[in-house]
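Source file: my_file-v3.cif; contents: mmCIF, C-alpha atoms and all ligand atoms.
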data_coords
#
loop_
_atom_site.label_atom_id
_atom_site.label_comp_id
_atom_site.auth_asym_id
_atom_site.auth_seq_id
_atom_site.Cartn_x
_atom_site.Cartn_y
_atom_site.Cartn_z
CA MET W 1 15.48 -5.48 -7.38
CA THR W 2 11.71 -5.87 -7.14
CA GLY W 3 10.38 -6.56 -3.72
CA ASP W 4 7.22 -6.57 -1.65
CA ASP W 5 5.82 -3.08 -2.11
CA ARG W 6 2.80 -3.51 0.14
CA PRO W 7 2.81 -1.00 3.00
CA ILE W 8 3.71 -1.60 6.64
CA GLY W 9 0.70 -0.89 8.87
CA VAL W 10 1.42 1.00 12.08
CA PHE W 11 -1.09 2.01 14.74
CA ASP W 12 -1.30 3.73 18.08
CA SER W 13 -3.88 5.25 20.39
CA GLY W 14 -3.07 8.64 18.89
CA VAL W 15 -0.06 10.58 17.74
CA GLY W 16 2.46 9.10 20.22
CA GLY W 17 3.19 6.26 17.80
CA LEU W 18 4.59 8.83 15.40
CA THR W 19 7.84 8.41 17.35
CA VAL W 20 7.84 4.76 16.23
CA LEU W 21 6.72 5.60 12.67
CA ARG W 22 9.53 8.12 12.38
CA ALA W 23 12.13 5.59 13.54
CA ILE W 24 10.80 3.04 10.99
CA ARG W 25 10.82 5.58 8.18
CA GLU W 26 14.36 6.69 9.00
CA ARG W 27 15.66 3.13 9.12
CA LEU W 28 13.65 1.83 6.15
CA PRO W 29 13.24 4.75 3.73
CA ASP W 30 12.00 2.57 0.84
CA GLU W 31 9.04 1.15 2.77
CA PRO W 32 5.52 2.55 2.25
CA THR W 33 3.49 2.97 5.46
CA VAL W 34 -0.12 3.36 6.59
CA TYR W 35 -0.45 4.83 10.09
CA VAL W 36 -3.69 4.82 12.10
CA GLY W 37 -3.97 6.99 15.21
CA ASP W 38 -7.07 6.12 17.22
CA LEU W 39 -7.66 9.61 18.55
CA LEU W 40 -11.35 8.83 18.97
CA HIS W 41 -10.41 6.61 21.93
CA PHE W 42 -7.23 8.30 23.17
CA PRO W 43 -5.84 7.73 25.77
CA TYR W 44 -5.65 3.94 26.01
CA GLY W 45 -3.58 4.03 29.22
CA PRO W 46 -6.45 4.29 31.74
CA ARG W 47 -8.89 2.01 29.80
CA PHE W 48 -9.79 -1.62 30.48
CA GLN W 49 -7.59 -4.11 28.64
CA SER W 50 -10.64 -5.72 27.00
CA GLU W 51 -11.68 -2.38 25.55
CA VAL W 52 -8.19 -1.62 24.22
CA ARG W 53 -8.08 -5.14 22.72
CA THR W 54 -11.38 -4.57 20.87
CA PHE W 55 -10.19 -1.26 19.40
CA SER W 56 -6.86 -2.82 18.44
CA PHE W 57 -8.48 -5.79 16.70
CA ASP W 58 -10.75 -3.44 14.71
CA ILE W 59 -7.75 -1.40 13.60
CA ILE W 60 -5.75 -4.50 12.65
CA ARG W 61 -8.75 -5.73 10.64
CA TYR W 62 -8.87 -2.38 8.84
CA LEU W 63 -5.14 -2.49 8.10
CA GLN W 64 -5.52 -6.03 6.82
CA SER W 65 -8.23 -4.79 4.44
CA ARG W 66 -5.63 -2.27 3.19
CA ASP W 67 -3.35 -5.17 2.23
CA VAL W 68 -0.48 -4.35 4.59
CA LYS W 69 2.37 -6.86 4.77
CA MET W 70 2.90 -6.45 8.50
CA VAL W 71 1.32 -4.60 11.42
CA VAL W 72 3.38 -2.75 14.01
CA ILE W 73 1.50 -2.05 17.22
CA ALA W 74 3.32 1.17 18.05
CA CYS W 75 1.47 1.64 21.33
CA ASN W 76 2.76 -0.01 24.51
CA THR W 77 -0.70 -0.17 26.08
CA ALA W 78 -2.21 -1.79 22.98
CA THR W 79 0.72 -4.19 22.70
CA ALA W 80 0.16 -5.22 26.32
CA ALA W 81 -3.59 -5.66 25.84
CA ALA W 82 -3.80 -7.16 22.36
CA LEU W 83 -0.61 -8.59 20.84
CA ASN W 84 -0.77 -12.14 22.20
CA GLN W 85 -4.43 -12.69 21.36
CA ALA W 86 -4.06 -10.92 18.01
CA ARG W 87 -1.39 -13.45 17.03
CA GLU W 88 -3.96 -16.21 17.55
CA VAL W 89 -6.56 -14.44 15.41
CA PHE W 90 -4.75 -12.74 12.54
CA ASP W 91 -2.77 -14.44 9.86
CA LEU W 92 -0.19 -11.72 9.26
CA PRO W 93 3.08 -10.72 10.92
CA LEU W 94 2.47 -8.61 14.03
CA ILE W 95 5.16 -6.73 15.91
CA GLY W 96 4.66 -4.99 19.25
CA VAL W 97 6.87 -2.53 21.08
CA ILE W 98 7.32 -4.49 24.32
CA GLY W 99 9.43 -7.44 23.13
CA PRO W 100 12.09 -5.30 21.41
CA GLY W 101 12.31 -2.98 24.44
CA ALA W 102 12.59 -5.89 26.86
CA GLN W 103 15.35 -7.45 24.78
CA ALA W 104 17.35 -4.22 24.63
CA ALA W 105 16.96 -3.82 28.41
CA VAL W 106 18.22 -7.32 29.17
CA GLU W 107 21.18 -6.86 26.82
CA SER W 108 22.07 -3.47 28.36
CA THR W 109 21.86 -4.00 32.11
CA ARG W 110 25.16 -4.57 33.91
CA LYS W 111 23.63 -4.80 37.36
CA GLY W 112 20.70 -7.00 36.37
CA LEU W 113 18.20 -4.34 37.51
CA VAL W 114 15.79 -2.72 35.07
CA GLY W 115 13.23 0.04 35.62
CA VAL W 116 10.18 0.33 33.36
CA ILE W 117 7.96 3.40 33.18
CA SER W 118 4.64 3.25 31.32
CA THR W 119 0.92 3.99 31.40
CA GLU W 120 -1.28 2.33 34.04
CA GLY W 121 -2.59 -0.21 31.50
CA THR W 122 0.88 -1.39 30.54
CA ALA W 123 2.04 -1.57 34.16
CA LEU W 124 -1.06 -3.54 35.24
CA SER W 125 -0.64 -6.04 32.41
CA GLN W 126 2.87 -6.96 33.68
CA GLU W 127 3.85 -7.62 30.06
CA TYR W 128 7.27 -5.98 30.41
CA LEU W 129 7.97 -8.04 33.51
CA HIS W 130 7.02 -11.25 31.68
CA ALA W 131 8.99 -10.36 28.56
CA ILE W 132 12.13 -9.50 30.55
CA LYS W 133 11.88 -12.55 32.82
CA GLU W 134 11.34 -14.77 29.79
CA LEU W 135 14.68 -13.58 28.41
CA ASP W 136 16.52 -13.63 31.76
CA PRO W 137 14.76 -14.70 34.95
CA MET W 138 17.60 -13.28 37.07
CA VAL W 139 16.95 -9.66 36.03
CA GLY W 140 15.06 -7.61 38.62
CA VAL W 141 12.26 -5.41 37.23
CA TYR W 142 10.82 -2.28 38.87
CA GLN W 143 7.72 -0.94 37.15
CA LYS W 144 6.06 2.41 37.63
CA ALA W 145 2.95 3.84 36.00
CA CYS W 146 3.50 7.52 35.17
CA PRO W 147 0.29 8.75 33.55
CA GLU W 148 1.07 12.42 34.12
CA LEU W 149 4.10 12.21 31.84
CA VAL W 150 1.88 11.65 28.76
CA GLU W 151 0.03 14.85 29.47
CA ILE W 152 3.28 16.73 30.11
CA VAL W 153 4.67 15.66 26.72
CA GLU W 154 1.43 16.50 24.89
CA SER W 155 1.44 19.96 26.47
CA GLY W 156 4.86 20.58 24.94
CA ASP W 157 6.50 20.58 28.39
CA ALA W 158 8.81 17.55 27.93
CA ASP W 159 11.95 19.64 28.26
CA THR W 160 10.88 21.95 31.10
CA PRO W 161 11.09 22.21 34.91
CA ARG W 162 7.55 20.78 35.07
CA ALA W 163 8.80 17.55 33.50
CA GLU W 164 11.85 17.53 35.76
CA ARG W 165 9.68 17.77 38.89
CA ALA W 166 7.46 14.89 37.75
CA LEU W 167 10.45 12.75 36.77
CA GLU W 168 12.24 13.40 40.04
CA ARG W 169 9.19 12.05 41.84
CA ASP W 170 8.33 9.21 39.44
CA LEU W 171 11.85 7.83 39.07
CA ALA W 172 12.95 8.18 42.70
CA GLU W 173 12.13 4.62 43.72
CA ILE W 174 13.62 3.07 40.57
CA ALA W 175 16.84 5.07 41.10
CA ARG W 176 16.95 4.13 44.80
CA MET W 177 16.66 0.43 43.92
CA GLY W 178 19.78 0.84 41.77
CA ALA W 179 18.37 0.06 38.31
CA ASP W 180 20.93 0.96 35.65
CA VAL W 181 18.57 0.64 32.67
CA LEU W 182 15.31 2.51 32.25
CA VAL W 183 12.80 1.34 29.64
CA LEU W 184 10.74 4.21 28.24
CA GLY W 185 7.67 1.99 27.98
CA CYS W 186 5.32 4.53 26.44
CA THR W 187 5.30 6.18 23.03
CA HIS W 188 5.58 9.66 24.50
CA TYR W 189 8.54 9.17 26.78
CA PRO W 190 11.45 9.36 24.27
CA LEU W 191 10.86 13.12 24.30
CA LEU W 192 11.71 13.16 28.02
CA LYS W 193 15.28 11.94 27.51
CA PRO W 194 16.98 15.35 28.03
CA ALA W 195 14.97 16.02 31.24
CA ILE W 196 15.74 12.53 32.60
CA GLU W 197 19.45 13.14 31.97
CA ARG W 198 19.28 16.42 33.86
CA VAL W 199 17.42 15.01 36.87
CA TYR W 200 19.33 11.71 37.13
CA PRO W 201 22.59 12.36 35.25
CA GLY W 202 24.28 9.17 34.10
CA ALA W 203 22.03 7.01 36.29
CA PHE W 204 20.31 5.02 33.56
CA GLN W 205 20.90 3.73 30.11
CA LEU W 206 17.63 4.65 28.37
CA VAL W 207 15.83 2.10 26.20
CA ASP W 208 13.70 3.80 23.59
CA SER W 209 11.14 1.39 22.17
CA ALA W 210 10.82 3.41 18.96
CA GLN W 211 14.40 2.62 17.96
CA THR W 212 14.39 -0.99 19.13
CA THR W 213 11.08 -1.69 17.35
CA ALA W 214 12.32 -0.20 14.07
CA GLY W 215 15.30 -2.55 14.32
CA MET W 216 12.97 -5.52 14.84
CA VAL W 217 10.84 -4.50 11.83
CA GLU W 218 13.96 -4.43 9.67
CA ARG W 219 15.09 -7.87 10.84
CA ARG W 220 11.64 -9.40 10.26
CA LEU W 221 11.38 -7.93 6.75
CA ASP W 222 14.83 -9.25 5.89
CA HIS W 223 14.13 -12.64 7.38
CA ALA W 224 10.86 -13.01 5.45
CA ARG W 225 12.33 -11.43 2.29
CA MET W 226 9.60 -8.82 2.37
CA ARG W 227 11.63 -5.65 1.77
CA ALA W 228 10.21 -3.12 -0.69
CA SER W 229 11.89 -2.59 -4.06
CA ASP W 230 15.16 -0.66 -3.97
CA GLY W 231 14.77 3.04 -4.59
CA ALA W 232 10.95 2.88 -4.61
CA GLN W 233 9.10 6.15 -4.05
CA PRO W 234 7.11 5.01 -1.04
CA ARG W 235 3.68 6.39 -0.26
CA HIS W 236 2.86 7.30 3.35
CA GLU W 237 -0.65 7.65 4.70
CA LEU W 238 -1.53 9.18 8.05
CA LEU W 239 -5.04 8.31 9.16
CA VAL W 240 -6.81 9.32 12.36
CA THR W 241 -10.17 8.26 13.78
CA ALA W 242 -10.91 11.78 15.07
CA VAL W 243 -9.30 15.22 14.85
CA PRO W 244 -9.23 16.80 18.29
CA ASP W 245 -8.30 20.39 19.16
CA ARG W 246 -4.56 21.05 19.06
CA PHE W 247 -4.05 18.03 16.76
CA ASN W 248 -1.37 19.64 14.60
CA GLU W 249 0.48 21.14 17.53
CA VAL W 250 0.66 17.84 19.45
CA ALA W 251 1.43 15.78 16.34
CA ASP W 252 4.31 18.10 15.38
CA ILE W 253 5.75 17.74 18.91
CA LEU W 254 5.72 13.94 18.71
CA PHE W 255 6.78 13.59 15.09
CA GLY W 256 9.64 16.02 15.65
CA GLU W 257 8.84 17.95 12.47
CA LYS W 258 5.77 19.14 10.59
CA VAL W 259 3.38 16.24 10.23
CA PRO W 260 2.34 15.47 6.64
CA GLU W 261 -1.31 15.76 5.68
CA ILE W 262 -3.76 13.57 7.61
CA ARG W 263 -7.07 11.99 6.64
CA GLU W 264 -9.91 11.16 8.99
CA ILE W 265 -11.42 7.67 8.79
CA ASN W 266 -14.47 6.22 10.45
CA LEU W 267 -13.95 2.65 11.69
CA TRP W 268 -16.89 2.54 14.09
CA ASP W 269 -20.29 3.67 12.80
N1 LIG W 301 0.43 5.26 23.21
C1 LIG W 301 0.30 4.96 24.62
C2 LIG W 301 1.40 3.97 25.05
O1 LIG W 301 2.43 3.85 24.43
C3 LIG W 301 0.38 6.21 25.48
C4 LIG W 301 -0.82 7.12 25.37
C5 LIG W 301 -2.14 6.47 25.78
O2 LIG W 301 -2.39 6.32 27.00
O3 LIG W 301 -2.90 6.12 24.90
O4 LIG W 301 1.24 3.30 26.02
#
What does this structure look like when you write it as structure tokens?
Amino acid sequence: MTGDDRPIGVFDSGVGGLTVLRAIRERLPDEPTVYVGDLLHFPYGPRFQSEVRTFSFDIIRYLQSRDVKMVVIACNTATAAALNQAREVFDLPLIGVIGPGAQAAVESTRKGLVGVISTEGTALSQEYLHAIKELDPMVGVYQKACPELVEIVESGDADTPRAERALERDLAEIARMGADVLVLGCTHYPLLKPAIERVYPGAFQLVDSAQTTAGMVERRLDHARMRASDGAQPRHELLVTAVPDRFNEVADILFGEKVPEIREINLWD
């Protein structure tokens, strides 16, 4: 069957969104993708929302110029800062990572208590709180910004005692409040799952926004009849706005395997 063979655009502040890209590619193997990692401005977490919004709009504009059929904002911080306004400005389907994660959290909690860990930017925006309360106002939400965890993952320490010490500290309050679901509200955190299980065994059901977002992308494509042709040989492009030291090492950690070839693009002269 012939379908819509335009690529899906995916972007993030850097290589963290590769966790989301990977989940999309696993679930939708026929779909071509164009990924942009804004390593020139990484990290987005500590930046002003207005700044993150400007970068995000520029990247969406670029992806639009590449004739994508949909844009997935794979970054929680960028979703928090830009998704709502972007929907007013751009005439193309936009999917963020917060809505799918919030929905999975509300569906999973038995006690009606959800913890959310994220960057400072995401926590300050309160977007997870709003998204969860919109779905079920009775669910209690405990948010915690955990900026150190991004650095721990990028250093390759996600599965080490260093990560365990940070998690023990960062999750203590959420565990004490009795939350039974923990939203991993940052691209990097899915890699911390084994350490979380060791420090707080069986305490939380973990919501991984990479998986929930890939599910949402699939539903939207089906709903809009925008799936690529069956058995297509999809092309995948990995673009970055800068190539910092240790790029390959960090990208391999987050992608979970060797990252395919990347190309540097210049969006801001
Ligand atoms: N990608 C970001 C997020 O999901 C984490 C890294 C950053 O601060 O840019 O929030």
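Going from CA of Lys111 (chain W) to CA of Met138 (chain W) covers 10.4 Å.
Across the model, the gap from CA of Asp252 (chain W) to CA of Asp67 (chain W) is 27.8 Å.
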- Message: To check your reading of the model: which residues sit at most 7 Å from ligand LIG 301 (chain W) when counting all atoms listed in the file? Write the answer as a ChimeraX atom specification.
- Response: /W:12-14,16-17,42-46,74-78,118-119,122,150,185-188
Just the selected residues (C-alpha atoms), exported as a compact mmCIF listing (two decimals), keeping the file's coordinate frame, please.
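out-v4.txt, written as the output of this step:
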# COMPACT_ATOMS: atom_id res chain seq x y z
CA ASP W 12 -1.30 3.73 18.08
CA SER W 13 -3.88 5.25 20.39
CA GLY W 14 -3.07 8.64 18.89
CA GLY W 16 2.46 9.10 20.22
CA GLY W 17 3.19 6.26 17.80
CA PHE W 42 -7.23 8.30 23.17
CA PRO W 43 -5.84 7.73 25.77
CA TYR W 44 -5.65 3.94 26.01
CA GLY W 45 -3.58 4.03 29.22
CA PRO W 46 -6.45 4.29 31.74
CA ALA W 74 3.32 1.17 18.05
CA CYS W 75 1.47 1.64 21.33
CA ASN W 76 2.76 -0.01 24.51
CA THR W 77 -0.70 -0.17 26.08
CA ALA W 78 -2.21 -1.79 22.98
CA SER W 118 4.64 3.25 31.32
CA THR W 119 0.92 3.99 31.40
CA THR W 122 0.88 -1.39 30.54
CA VAL W 150 1.88 11.65 28.76
CA GLY W 185 7.67 1.99 27.98
CA CYS W 186 5.32 4.53 26.44
CA THR W 187 5.30 6.18 23.03
CA HIS W 188 5.58 9.66 24.50
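If you look at CA of Val217 (chain W) and CA of Asp230 (chain W), they are 16.8 Å away from each other.
In terms of minimum interatomic distance to Val141 (chain W), W:Gln126 ranks closest within W:Asn84, W:Gln126, W:Gln205, W:Ser155, counting only C-alpha atoms.
The shell of residues at most 10 Å from Leu40 (chain W), with all atoms listed in the file counted and near chain neighbours (fewer than 5 positions) removed, consists of Ser13, Gly14, Val240, Thr241, Ala242, Val243, Pro244, Asn266, Leu267 and Trp268 of chain W.
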Using only C-alpha atoms, the shortest atom-to-atom distance to Ala195 (chain W) among W:His223, W:Val181, W:Asp157, W:Ile132 belongs to W:Asp157
**OP:** In the coordinates of the file, take the point (4.0, -10.6, 31.5) and a cut-off of 12 Å; then, counting only C-alpha atoms, name each qualifying protein, DNA or RNA residue as a ChimeraX atom specification.
**Re:** /W:79-81,83-84,98-99,102,122-135,141,143
Written file, previous selection with C-alpha atoms, as a CSV table (one decimal), in the coordinates of the input:
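New file again_19.csv:
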chain,number,residue,atom,x,y,z
W,79,THR,CA,0.7,-4.2,22.7
W,80,ALA,CA,0.2,-5.2,26.3
W,81,ALA,CA,-3.6,-5.7,25.8
W,83,LEU,CA,-0.6,-8.6,20.8
W,84,ASN,CA,-0.8,-12.1,22.2
W,98,ILE,CA,7.3,-4.5,24.3
W,99,GLY,CA,9.4,-7.4,23.1
W,102,ALA,CA,12.6,-5.9,26.9
W,122,THR,CA,0.9,-1.4,30.5
W,123,ALA,CA,2.0,-1.6,34.2
W,124,LEU,CA,-1.1,-3.5,35.2
W,125,SER,CA,-0.6,-6.0,32.4
W,126,GLN,CA,2.9,-7.0,33.7
W,127,GLU,CA,3.8,-7.6,30.1
W,128,TYR,CA,7.3,-6.0,30.4
W,129,LEU,CA,8.0,-8.0,33.5
W,130,HIS,CA,7.0,-11.2,31.7
W,131,ALA,CA,9.0,-10.4,28.6
W,132,ILE,CA,12.1,-9.5,30.6
W,133,LYS,CA,11.9,-12.6,32.8
W,134,GLU,CA,11.3,-14.8,29.8
W,135,LEU,CA,14.7,-13.6,28.4
W,141,VAL,CA,12.3,-5.4,37.2
W,143,GLN,CA,7.7,-0.9,37.2
| said: I'd like the contact shell of Pro260 (chain W) - 10 Å cut-off, all atoms listed in the file, skipping same-chain residues fewer than 2 positions apart - returned as a PyMOL selection string. | reply: chain W and resi 236-238+248+251-252+255+257-258+262
Taking C-alpha atoms for each residue, export the selection above as a short mmCIF file (atom, residue, chain, number, x, y, z; two decimals), in the frame of the given file.
data_model
loop_
_atom_site.label_atom_id
_atom_site.label_comp_id
_atom_site.auth_asym_id
_atom_site.auth_seq_id
_atom_site.Cartn_x
_atom_site.Cartn_y
_atom_site.Cartn_z
CA HIS W 236 2.86 7.30 3.35
CA GLU W 237 -0.65 7.65 4.70
CA LEU W 238 -1.53 9.18 8.05
CA ASN W 248 -1.37 19.64 14.60
CA ALA W 251 1.43 15.78 16.34
CA ASP W 252 4.31 18.10 15.38
CA PHE W 255 6.78 13.59 15.09
CA GLU W 257 8.84 17.95 12.47
CA LYS W 258 5.77 19.14 10.59
CA ILE W 262 -3.76 13.57 7.61
#
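Minimum atom-to-atom distances from W:Val15, W:Ile8, W:Ala175, W:Ala105 to Arg66 (chain W) were compared using only C-alpha atoms, and the lowest value belongs to W:Ile8.
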Once 3 Å is added on each side, what centre and edge lengths in Å to one decimal does the axis-aligned box around all listed atoms of region 231-245 of chain W have, as lines of an AutoDock Vina configuration file?
center_x = 1.9
center_y = 11.6
center_z = 7.3
size_x = 31.7
size_y = 23.5
size_z = 29.8
Judged by only C-alpha atoms, the minimum distance to Pro32 (chain W) among W:Gly231, W:Asp222, W:Val207, W:Leu191 is found for W:Gly231
(Q) Taking (-0.3, 5.0, 9.5) in the coordinates of the supplied file, I want to know which residues reach to within 7 Å of it, counting only C-alpha atoms; could you give the answer as an MDAnalysis selection string? (A) chainID W and resid 9:11 33:36 237:239
Between W:Val114, W:Pro161, W:Pro100, W:Gln49, smallest distance to Gln85 (chain W) by only C-alpha atoms belongs to W:Gln49
Exercise for the section: Just the residues within 12 Å of Gly202 (chain W), please, counting all atoms listed in the file, with nothing from its chain fewer than 4 positions along; format it as a PyMOL selection string. Expected result: chain W and resi 175+179-182+193-198+206
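Checking W:Pro201, W:Pro147, W:Gly3, W:Gly256 one by one against Val20 (chain W), counting all atoms listed in the file, you find the shortest gap at W:Gly256.
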